[in-house]
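One file, query-v5.csv, carrying CSV, C-alpha atoms:
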```csv
chain,number,residue,atom,x,y,z
I,1,MET,CA,-3.0,-16.9,-23.1
I,2,ALA,CA,-6.0,-17.4,-20.8
I,3,SER,CA,-8.3,-20.3,-21.5
I,4,THR,CA,-10.9,-22.6,-20.0
I,5,CYS,CA,-9.8,-26.0,-18.8
I,6,LYS,CA,-12.7,-28.0,-20.1
I,7,SER,CA,-12.3,-31.1,-17.9
I,8,THR,CA,-12.7,-29.1,-14.8
I,9,GLY,CA,-14.4,-25.9,-15.8
I,10,GLY,CA,-11.4,-24.0,-14.4
I,11,PHE,CA,-10.1,-20.8,-15.9
I,12,LYS,CA,-6.4,-20.9,-16.7
I,13,PHE,CA,-4.0,-17.9,-16.8
I,14,ARG,CA,-0.3,-17.3,-16.9
I,15,LEU,CA,1.7,-14.9,-14.8
I,16,VAL,CA,5.4,-14.1,-15.3
I,17,SER,CA,7.8,-11.8,-13.4
I,18,TYR,CA,10.9,-10.5,-15.1
I,19,ASN,CA,13.6,-7.9,-14.4
I,20,ILE,CA,14.5,-6.9,-17.9
I,21,LEU,CA,17.6,-4.8,-17.0
I,22,ALA,CA,16.9,-1.1,-17.6
I,23,GLN,CA,18.8,0.2,-20.6
I,24,VAL,CA,20.2,3.1,-18.5
I,25,TYR,CA,22.3,0.4,-16.7
I,26,VAL,CA,23.5,-1.2,-19.9
I,27,LYS,CA,27.1,-0.3,-20.7
I,28,SER,CA,29.9,-2.5,-22.0
I,29,SER,CA,32.1,-1.5,-19.0
I,30,TYR,CA,29.4,-2.8,-16.7
I,31,PHE,CA,29.0,-6.1,-18.6
I,32,PRO,CA,32.4,-6.8,-20.2
I,33,HIS,CA,31.6,-10.5,-20.5
I,34,SER,CA,28.6,-9.8,-22.7
I,35,PRO,CA,28.9,-9.5,-26.5
I,36,SER,CA,28.7,-5.8,-27.3
I,37,SER,CA,26.2,-6.3,-30.1
I,38,CYS,CA,23.6,-7.7,-27.7
I,39,LEU,CA,23.9,-4.6,-25.4
I,40,LYS,CA,22.8,-2.1,-28.0
I,41,TRP,CA,19.3,-0.7,-27.4
I,42,LYS,CA,18.1,-1.5,-30.9
I,43,ALA,CA,18.9,-5.2,-30.5
I,44,ARG,CA,17.9,-5.5,-26.9
I,45,SER,CA,14.6,-3.8,-27.3
I,46,GLN,CA,13.5,-6.2,-30.0
I,47,ALA,CA,14.9,-9.2,-28.1
I,48,ILE,CA,13.0,-8.2,-25.0
I,49,LEU,CA,9.8,-7.6,-27.0
I,50,MET,CA,10.2,-11.1,-28.6
I,51,GLU,CA,10.7,-12.5,-25.1
I,52,PHE,CA,7.5,-10.9,-23.9
I,53,LYS,CA,5.7,-12.3,-27.0
I,54,ASN,CA,7.1,-15.8,-26.5
I,55,LEU,CA,6.3,-15.9,-22.8
I,56,SER,CA,2.6,-15.6,-23.8
I,57,ALA,CA,1.6,-14.5,-20.4
I,58,ASP,CA,-1.7,-12.9,-19.3
I,59,PHE,CA,0.1,-10.9,-16.7
I,60,LEU,CA,3.7,-9.6,-17.0
I,61,CYS,CA,5.2,-8.1,-13.8
I,62,ILE,CA,8.3,-6.2,-15.1
I,63,GLN,CA,11.0,-4.6,-13.1
I,64,GLU,CA,13.8,-2.2,-14.3
I,65,LEU,CA,11.4,-1.0,-16.9
I,66,ASP,CA,12.5,2.1,-18.7
I,67,GLU,CA,11.6,3.5,-22.2
I,68,TYR,CA,8.0,2.7,-21.3
I,69,ASN,CA,6.3,5.6,-23.1
I,70,SER,CA,8.8,5.7,-26.0
I,71,PHE,CA,8.8,2.0,-26.8
I,72,TYR,CA,7.1,-0.6,-24.6
I,73,LYS,CA,3.6,0.8,-24.1
I,74,SER,CA,2.6,1.1,-27.7
I,75,ASN,CA,4.4,-2.1,-28.8
I,76,MET,CA,2.7,-4.1,-26.1
I,77,GLU,CA,-0.6,-2.6,-27.0
I,78,SER,CA,-0.2,-4.0,-30.5
I,79,LEU,CA,0.2,-7.4,-28.8
I,80,GLY,CA,-3.1,-7.0,-27.0
I,81,TYR,CA,-1.8,-5.8,-23.6
I,82,SER,CA,-2.9,-2.9,-21.5
I,83,SER,CA,-0.5,-1.6,-18.8
I,84,LEU,CA,0.3,0.6,-15.9
I,85,TYR,CA,3.7,2.0,-15.0
I,86,ILE,CA,5.3,3.7,-12.0
I,87,GLN,CA,8.7,5.3,-12.4
I,88,ARG,CA,11.1,5.6,-9.5
I,89,THR,CA,11.3,8.9,-7.8
I,90,GLY,CA,14.3,11.3,-7.8
I,91,GLN,CA,16.6,11.1,-10.8
I,92,LYS,CA,15.9,7.4,-11.4
I,93,ARG,CA,14.8,6.5,-14.9
I,94,ASP,CA,13.4,3.0,-14.5
I,95,GLY,CA,10.5,1.6,-12.6
I,96,CYS,CA,7.9,-1.2,-12.4
I,97,GLY,CA,5.1,-2.0,-14.8
I,98,ILE,CA,2.3,-4.6,-15.1
I,99,PHE,CA,1.2,-5.6,-18.6
I,100,TYR,CA,-2.1,-7.6,-18.8
I,101,ARG,CA,-4.3,-8.9,-21.5
I,102,SER,CA,-7.6,-7.1,-21.4
I,103,SER,CA,-9.1,-10.2,-22.9
I,104,SER,CA,-8.2,-12.1,-19.8
I,105,ALA,CA,-8.9,-9.6,-17.0
I,106,GLU,CA,-10.5,-6.3,-16.2
I,107,LEU,CA,-8.6,-3.8,-14.0
I,108,ILE,CA,-10.8,-2.7,-11.2
I,109,LEU,CA,-8.5,-0.9,-8.7
I,110,MET,CA,-4.9,0.2,-8.4
I,111,GLU,CA,-2.5,1.8,-5.9
I,112,GLU,CA,1.1,2.9,-6.2
I,113,ILE,CA,3.7,2.1,-3.6
I,114,HIS,CA,6.5,4.7,-2.9
I,115,TYR,CA,8.9,3.3,-0.3
I,116,ASN,CA,10.1,6.8,0.4
I,117,ASP,CA,6.8,7.1,2.3
I,118,LEU,CA,8.5,5.2,5.0
I,119,VAL,CA,10.3,8.4,5.9
I,120,ASN,CA,6.9,9.9,7.0
I,121,GLY,CA,6.4,7.1,9.5
I,122,ILE,CA,9.7,7.5,11.4
I,123,ASP,CA,9.4,7.9,15.2
I,124,TYR,CA,12.6,9.8,15.9
I,125,GLU,CA,12.3,9.2,19.6
I,126,ASN,CA,12.2,5.4,19.1
I,127,VAL,CA,14.2,4.7,15.9
I,128,PRO,CA,14.4,0.9,15.3
I,129,THR,CA,17.8,-0.4,16.2
I,130,GLU,CA,18.0,-2.3,12.9
I,131,ILE,CA,18.3,1.1,11.1
I,132,GLU,CA,20.1,3.1,13.9
I,133,SER,CA,22.9,0.6,14.3
I,134,ASN,CA,23.8,0.1,10.6
I,135,ASN,CA,26.8,1.9,9.1
I,136,THR,CA,27.0,3.5,5.8
I,137,LEU,CA,28.5,1.9,2.7
I,138,ASP,CA,32.2,2.3,3.1
I,139,VAL,CA,34.7,3.3,0.4
I,140,ASP,CA,36.2,-0.1,0.0
I,141,ARG,CA,32.7,-1.7,-0.6
I,142,ARG,CA,31.9,1.1,-3.0
I,143,GLU,CA,35.0,0.4,-5.0
I,144,GLU,CA,34.1,-3.3,-5.1
I,145,ALA,CA,30.7,-2.6,-6.6
I,146,SER,CA,30.7,-3.7,-10.2
I,147,GLY,CA,28.4,-3.7,-13.2
I,148,LYS,CA,25.1,-1.9,-13.0
I,149,ASP,CA,25.4,-1.9,-9.2
I,150,SER,CA,28.2,0.6,-9.4
I,151,THR,CA,25.7,3.0,-10.9
I,152,LYS,CA,23.2,2.1,-8.2
I,153,ALA,CA,25.9,2.7,-5.5
I,154,ASN,CA,25.8,6.3,-6.5
I,155,SER,CA,22.4,6.5,-4.9
I,156,HIS,CA,24.2,6.4,-1.5
I,157,GLY,CA,25.6,9.8,-2.4
I,158,ASP,CA,22.3,11.5,-1.7
I,159,GLN,CA,22.7,14.6,0.4
I,160,GLY,CA,22.7,13.9,4.1
I,161,ASP,CA,24.0,11.3,6.6
I,162,PRO,CA,23.1,7.7,5.5
I,163,ASN,CA,22.9,6.9,9.2
I,164,ASP,CA,20.0,9.3,9.5
I,165,PRO,CA,16.9,7.1,9.0
I,166,CYS,CA,15.2,9.9,7.0
I,167,VAL,CA,18.1,9.7,4.5
I,168,ARG,CA,18.7,6.0,4.7
I,169,LEU,CA,15.1,5.0,3.9
I,170,LYS,CA,14.8,7.3,0.9
I,171,ARG,CA,15.9,4.9,-1.8
I,172,ASP,CA,13.4,5.9,-4.5
I,173,CYS,CA,12.1,2.3,-4.8
I,174,VAL,CA,8.5,1.7,-6.0
I,175,GLY,CA,5.8,-0.9,-6.6
I,176,LEU,CA,2.4,-1.4,-8.0
I,177,LEU,CA,-0.8,-2.9,-6.6
I,178,MET,CA,-3.5,-3.8,-9.1
I,179,ALA,CA,-6.8,-5.7,-8.6
I,180,PHE,CA,-8.4,-7.5,-11.5
I,181,LYS,CA,-11.6,-9.3,-12.2
I,182,LEU,CA,-10.8,-12.4,-14.2
I,183,ARG,CA,-12.9,-12.9,-17.3
I,184,ASP,CA,-14.0,-16.4,-16.1
I,185,PRO,CA,-17.5,-17.6,-15.2
I,186,SER,CA,-16.9,-17.0,-11.5
I,187,ASN,CA,-15.6,-13.5,-12.0
I,188,HIS,CA,-12.8,-14.3,-9.5
I,189,LEU,CA,-10.8,-11.4,-8.2
I,190,ILE,CA,-7.0,-11.4,-7.9
I,191,VAL,CA,-4.6,-8.8,-6.5
I,192,VAL,CA,-1.3,-8.6,-8.4
I,193,ALA,CA,1.6,-6.8,-6.7
I,194,ASN,CA,4.9,-6.0,-8.5
I,195,THR,CA,7.9,-4.5,-6.8
I,196,HIS,CA,11.6,-4.0,-6.9
I,197,ILE,CA,13.3,-3.9,-3.5
I,198,TYR,CA,16.5,-2.0,-2.8
I,199,TRP,CA,19.6,-3.7,-4.1
I,200,ASP,CA,22.6,-3.2,-1.7
I,201,PRO,CA,23.4,-6.3,0.4
I,202,ASN,CA,24.9,-4.1,3.1
I,203,TRP,CA,21.6,-2.3,3.6
I,204,ALA,CA,19.5,-5.3,4.7
I,205,ASP,CA,17.7,-3.0,7.2
I,206,VAL,CA,16.3,-0.9,4.4
I,207,LYS,CA,15.2,-4.0,2.5
I,208,LEU,CA,13.5,-5.3,5.6
I,209,ALA,CA,11.7,-2.0,6.2
I,210,GLN,CA,10.5,-2.0,2.5
I,211,VAL,CA,9.1,-5.6,2.6
I,212,LYS,CA,7.4,-4.9,5.9
I,213,TYR,CA,5.8,-1.9,4.3
I,214,LEU,CA,4.9,-3.9,1.2
I,215,ARG,CA,3.3,-6.7,3.2
I,216,ARG,CA,1.3,-4.1,5.1
I,217,ARG,CA,0.2,-2.3,2.0
I,218,VAL,CA,-0.9,-5.5,0.3
I,219,SER,CA,-2.9,-6.5,3.4
I,220,GLN,CA,-4.7,-3.2,3.4
I,221,PHE,CA,-5.3,-3.2,-0.4
I,222,LYS,CA,-6.7,-6.7,-0.2
I,223,GLU,CA,-9.1,-5.5,2.5
I,224,ILE,CA,-10.2,-2.6,0.4
I,225,VAL,CA,-10.9,-4.8,-2.6
I,226,SER,CA,-12.8,-7.3,-0.4
I,227,ASN,CA,-15.0,-4.6,1.0
I,228,LYS,CA,-15.6,-2.7,-2.2
I,229,PHE,CA,-16.4,-5.7,-4.3
I,230,CYS,CA,-17.8,-8.1,-1.7
I,231,SER,CA,-15.5,-10.8,-2.7
I,232,THR,CA,-12.1,-12.0,-1.3
I,233,PRO,CA,-9.3,-11.8,-3.8
I,234,SER,CA,-6.4,-14.2,-4.3
I,235,VAL,CA,-3.1,-12.4,-3.9
I,236,ILE,CA,0.1,-12.8,-6.0
I,237,ILE,CA,3.2,-10.8,-5.2
I,238,ALA,CA,6.0,-10.8,-7.7
I,239,GLY,CA,9.2,-9.0,-8.2
I,240,ASP,CA,13.0,-8.6,-7.7
I,241,PHE,CA,13.5,-8.7,-4.0
I,242,ASN,CA,17.3,-8.5,-4.1
I,243,SER,CA,17.4,-11.1,-1.4
I,244,THR,CA,18.6,-14.7,-1.4
I,245,PRO,CA,16.6,-17.7,-0.1
I,246,GLY,CA,17.0,-18.0,3.7
I,247,ASP,CA,18.2,-14.4,4.4
I,248,GLU,CA,16.3,-12.1,6.8
I,249,VAL,CA,14.2,-10.5,4.1
I,250,TYR,CA,13.1,-13.8,2.6
I,251,GLN,CA,12.4,-15.4,6.0
I,252,TYR,CA,10.2,-12.4,7.0
I,253,LEU,CA,8.2,-12.7,3.8
I,254,VAL,CA,7.4,-16.4,4.3
I,255,SER,CA,7.1,-16.4,8.1
I,256,ALA,CA,3.8,-16.7,9.9
I,257,ASN,CA,4.4,-13.5,11.8
I,258,SER,CA,2.8,-10.3,10.7
I,259,ASP,CA,3.1,-6.7,11.8
I,260,SER,CA,0.7,-6.2,14.7
I,261,GLU,CA,-0.8,-3.0,13.2
I,262,ALA,CA,-1.7,-4.7,9.9
I,263,PRO,CA,-4.3,-7.4,9.0
I,264,ALA,CA,-2.6,-10.8,8.9
I,265,ILE,CA,-1.5,-11.9,5.5
I,266,GLN,CA,0.4,-15.1,5.1
I,267,LEU,CA,2.7,-15.7,2.1
I,268,CYS,CA,4.3,-18.8,0.6
I,269,SER,CA,6.9,-18.9,-2.2
I,270,LEU,CA,5.5,-20.4,-5.4
I,271,TYR,CA,8.7,-22.2,-6.4
I,272,ALA,CA,9.8,-23.1,-2.9
I,273,THR,CA,6.5,-24.9,-2.2
I,274,ASN,CA,6.6,-26.7,-5.6
I,275,GLY,CA,10.0,-28.3,-5.7
I,276,GLY,CA,12.3,-25.5,-4.6
I,277,GLU,CA,13.6,-22.1,-5.6
I,278,PRO,CA,15.5,-21.9,-8.9
I,279,PRO,CA,19.3,-22.3,-8.5
I,280,PHE,CA,19.6,-18.7,-9.7
I,281,THR,CA,17.5,-16.0,-11.4
I,282,ASN,CA,20.4,-13.5,-11.8
I,283,CYS,CA,23.6,-14.7,-13.5
I,284,THR,CA,26.8,-12.6,-14.0
I,285,PRO,CA,30.4,-13.5,-13.4
I,286,ASP,CA,30.3,-11.3,-10.3
I,287,PHE,CA,27.1,-12.8,-8.8
I,288,THR,CA,24.9,-15.8,-9.5
I,289,GLY,CA,22.0,-16.4,-7.2
I,290,THR,CA,18.2,-16.2,-6.7
I,291,LEU,CA,16.8,-12.8,-6.2
I,292,ASP,CA,13.4,-13.0,-7.9
I,293,TYR,CA,10.3,-14.6,-6.5
I,294,ILE,CA,6.5,-15.0,-6.8
I,295,PHE,CA,4.7,-15.2,-3.5
I,296,LEU,CA,1.1,-16.3,-3.0
I,297,SER,CA,-1.4,-15.6,-0.2
I,298,ASP,CA,-4.7,-17.4,0.4
I,299,PRO,CA,-4.3,-19.4,-2.7
I,300,GLY,CA,-7.3,-21.6,-2.0
I,301,TYR,CA,-9.1,-20.6,-5.2
I,302,LEU,CA,-6.0,-20.7,-7.3
I,303,LYS,CA,-3.9,-23.8,-8.1
I,304,PRO,CA,-0.6,-23.5,-9.9
I,305,VAL,CA,-0.4,-26.3,-12.5
I,306,SER,CA,2.9,-25.6,-14.2
I,307,LEU,CA,6.1,-23.5,-13.6
I,308,LEU,CA,8.3,-21.7,-16.0
I,309,GLU,CA,11.5,-23.7,-16.2
I,310,VAL,CA,14.7,-21.8,-15.4
I,311,PRO,CA,17.9,-22.9,-17.1
I,312,GLY,CA,20.5,-24.8,-15.0
I,313,PRO,CA,24.1,-23.7,-14.4
I,314,GLN,CA,25.3,-26.1,-17.2
I,315,SER,CA,22.9,-24.8,-19.8
I,316,ALA,CA,24.7,-23.7,-22.9
I,317,ASP,CA,22.7,-20.5,-23.1
I,318,ILE,CA,23.9,-19.5,-19.6
I,319,ILE,CA,27.6,-20.2,-19.6
I,320,GLY,CA,29.7,-17.0,-19.5
I,321,GLY,CA,27.0,-15.0,-17.8
I,322,LEU,CA,24.1,-12.7,-18.8
I,323,PRO,CA,23.0,-10.8,-20.8
I,324,ASN,CA,23.9,-12.6,-24.0
I,325,HIS,CA,22.3,-13.4,-27.4
I,326,TYR,CA,20.0,-15.9,-25.8
I,327,HIS,CA,18.9,-13.8,-22.8
I,328,PRO,CA,18.6,-10.0,-23.1
I,329,SER,CA,18.7,-9.3,-19.3
I,330,ASP,CA,21.1,-10.3,-16.5
I,331,HIS,CA,17.9,-11.8,-14.9
I,332,LEU,CA,15.8,-14.8,-16.0
I,333,PRO,CA,12.0,-14.7,-16.0
I,334,ILE,CA,10.0,-16.8,-13.6
I,335,GLY,CA,6.3,-17.7,-13.8
I,336,ALA,CA,3.5,-20.1,-13.6
I,337,ASP,CA,0.2,-21.2,-15.1
I,338,PHE,CA,-2.7,-21.1,-12.6
I,339,VAL,CA,-6.2,-22.7,-12.7
I,340,VAL,CA,-9.1,-20.8,-11.0
I,341,LEU,CA,-11.0,-23.4,-8.9
I,342,GLY,CA,-13.8,-21.0,-8.0
I,343,SER,CA,-14.3,-17.7,-6.2
I,344,SER,CA,-15.2,-16.5,-2.7
I,345,ASN,CA,-18.7,-16.1,-4.0
I,346,SER,CA,-18.9,-19.8,-4.6
I,347,LEU,CA,-20.1,-22.1,-1.8
I,348,ILE,CA,-18.1,-25.0,-3.1
I,349,ILE,CA,-14.6,-25.1,-4.5
I,350,PRO,CA,-14.5,-27.7,-7.3
I,351,GLU,CA,-11.9,-30.4,-7.2
I,352,LEU,CA,-9.2,-30.4,-9.9
I,353,GLN,CA,-9.4,-34.1,-10.8
I,354,ASP,CA,-6.9,-34.4,-13.7
I,355,VAL,CA,-4.0,-32.2,-12.6
I,356,GLU,CA,-1.2,-34.1,-10.8
I,357,ASP,CA,0.1,-32.8,-7.5
I,358,ARG,CA,3.6,-32.6,-9.1
I,359,LEU,CA,3.8,-29.5,-11.3
I,360,SER,CA,4.9,-29.7,-14.9
I,361,LYS,CA,7.4,-27.3,-16.4
I,362,PHE,CA,7.0,-25.0,-19.4
I,363,GLU,CA,9.6,-23.2,-21.4
I,364,ILE,CA,9.6,-19.8,-23.1
I,365,GLY,CA,7.7,-20.0,-26.3
I,366,GLU,CA,5.5,-22.8,-25.0
I,367,GLN,CA,1.8,-22.1,-25.2
I,368,MET,CA,-0.5,-22.9,-22.3
I,369,LYS,CA,-1.8,-26.4,-22.5
I,370,VAL,CA,-5.6,-27.0,-22.2
I,371,GLN,CA,-6.5,-30.4,-21.0
I,372,ASN,CA,-9.6,-31.9,-22.7
I,373,ASN,CA,-11.7,-35.0,-22.0
```
Go through the file and emit its structure as structure tokens.
Amino acid sequence: MASTCKSTGGFKFRLVSYNILAQVYVKSSYFPHSPSSCLKWKARSQAILMEFKNLSADFLCIQELDEYNSFYKSNMESLGYSSLYIQRTGQKRDGCGIFYRSSSAELILMEEIHYNDLVNGIDYENVPTEIESNNTLDVDRREEASGKDSTKANSHGDQGDPNDPCVRLKRDCVGLLMAFKLRDPSNHLIVVANTHIYWDPNWADVKLAQVKYLRRRVSQFKEIVSNKFCSTPSVIIAGDFNSTPGDEVYQYLVSANSDSEAPAIQLCSLYATNGGEPPFTNCTPDFTGTLDYIFLSDPGYLKPVSLLEVPGPQSADIIGGLPNHYHPSDHLPIGADFVVLGSSNSLIIPELQDVEDRLSKFEIGEQMKVQNN
């Protein structure tokens, strides 16, 4: 819960990103390692709701969110959260949502991201080789797909030739851009982006096209917010990027290069710059690795002061794979507490005297600590 850090006058808030595993993908045949009782909607819905409550975040960036209108919206309202949701296009039933405490921030602007819009920008006389040269998912790879990804693999069955960029780029993935005015004395603005990038490891070209579009849209949205409200916002981008540390998508996001047609926006990974990425954020017997990230841009007025601790591979609550009775999703949440040092309206950024450079860790269920003199 947001609070004021009395020793510095800084405003504290918590942001968490979490792929909660859409119920549409939950079947015992997809997760044979999971106890069947923890896969049932009645149990999972309450477990996820309790997880949200225990995370005690001011901003929750949620991926694979379904049952929004029937369950999450009203239940989260009862916990003090407002929210916006964007459902994937086509026949997909899940999407992305951002829940936020209205006591901590005021929503001032929002935009939706539909990655299918990439189709409208294709120059067919100059198709990028990264898309043109890729082959479609073959039958052997399709048969190897397991768990919920076997359901997702069916998305390759859309009508048309997957080697046609128009078909290839139409993956029905979405994201949200939301600008907030924090309820702190400086009225600092932040842009929060939440997204879920396409899943298939054999379609890296599509993922790269999506994150390039995301970076461009975030840059443009930041500029719009800056001009409209005469204040430069801090930017936080969260989500499931379906990419591992060091791969082409990840390297693009943290590289200094920017698309020439877009305003420059530089990103750094929250965890990587504060001790290293978690060993994994997705854990099943078929795949264990890091896919979820929080990226920061121009963080000069925000200082992360603690990170949500991710269980290690030897943790008893992880062994055997997820989901289980301890974790209702196959992903783990990541997040951080931030202190606002000032705003772009301020002439001086106050120093944070009593927070060590080395970030502390907090666990699920742990309330935000307020340091007092």
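Residues surrounding Ile86 of chain I within 9 Å are Asp94, Gly95, Cys96, Gly97, Glu112, Ile113, Val174, Gly175 and Leu176 of chain I [all atoms listed in the file; sequence separation below 4 positions excluded].
Minimum atom-to-atom distance to Gly121 of chain I, evaluated using only C-alpha atoms, belongs to I:Tyr213 out of I:Tyr25, I:Phe241, I:Tyr271, I:Tyr213.
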Among the residues I:Ser243, I:Ser219, I:Ser269, I:Gln367, the one that comes closest to Arg14 of chain I [using all atoms listed in the file]: I:Gln367
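Among the candidates I:Tyr72, I:Tyr115, I:Trp203, I:Phe280, the one nearest to Asp330 of chain I when counting only C-alpha atoms is I:Phe280.
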When you look at segment 318-324 of chain I with a cut-off of 7 Å (counting all atoms listed in the file), what residues show up, excluding the ones that are within fewer than 5 positions of it in the same chain? I need them as a ChimeraX atom specification. /I:33-35,38,283-285,313,329-330
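Among the candidates I:Leu182, I:Val206, I:Val191, I:Leu296, the residue lying nearest to Arg168 of chain I is I:Val206 (atoms considered: all atoms listed in the file).
Pairwise distance (atom CA of Phe31 of chain I, atom CA of Arg171 of chain I) equals 24.0 Å.
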For Pro245 of chain I, please output as a ChimeraX atom specification all residues within 12 Å (counting all atoms listed in the file; exclusion window: fewer than 5 positions along the same chain). /I:250-254,269,271-272,276-281,289-293
Pick out the residues sitting within 6 Å of segment 16-23 of chain I, and hand them over as a PyMOL selection string; count all atoms listed in the file, and ignore anything fewer than 6 positions along from it in its own chain. chain I and resi 60-66+329+331+333-335
If you keep C-alpha atoms, can you produce a file of those selected residues as a JSON list (two decimals), in the coordinates of the input?
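Listed below is the output, part00.json:
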```
[["chain", "number", "residue", "atom", "x", "y", "z"],
["I", 60, "LEU", "CA", 3.70, -9.60, -17.00],
["I", 61, "CYS", "CA", 5.20, -8.10, -13.80],
["I", 62, "ILE", "CA", 8.30, -6.20, -15.10],
["I", 63, "GLN", "CA", 11.00, -4.60, -13.10],
["I", 64, "GLU", "CA", 13.80, -2.20, -14.30],
["I", 65, "LEU", "CA", 11.40, -1.00, -16.90],
["I", 66, "ASP", "CA", 12.50, 2.10, -18.70],
["I", 329, "SER", "CA", 18.70, -9.30, -19.30],
["I", 331, "HIS", "CA", 17.90, -11.80, -14.90],
["I", 333, "PRO", "CA", 12.00, -14.70, -16.00],
["I", 334, "ILE", "CA", 10.00, -16.80, -13.60],
["I", 335, "GLY", "CA", 6.30, -17.70, -13.80]]
```
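Reported to one decimal place, the separation of atom CA of Leu270 of chain I from atom CA of Phe11 of chain I is 18.8 Å.
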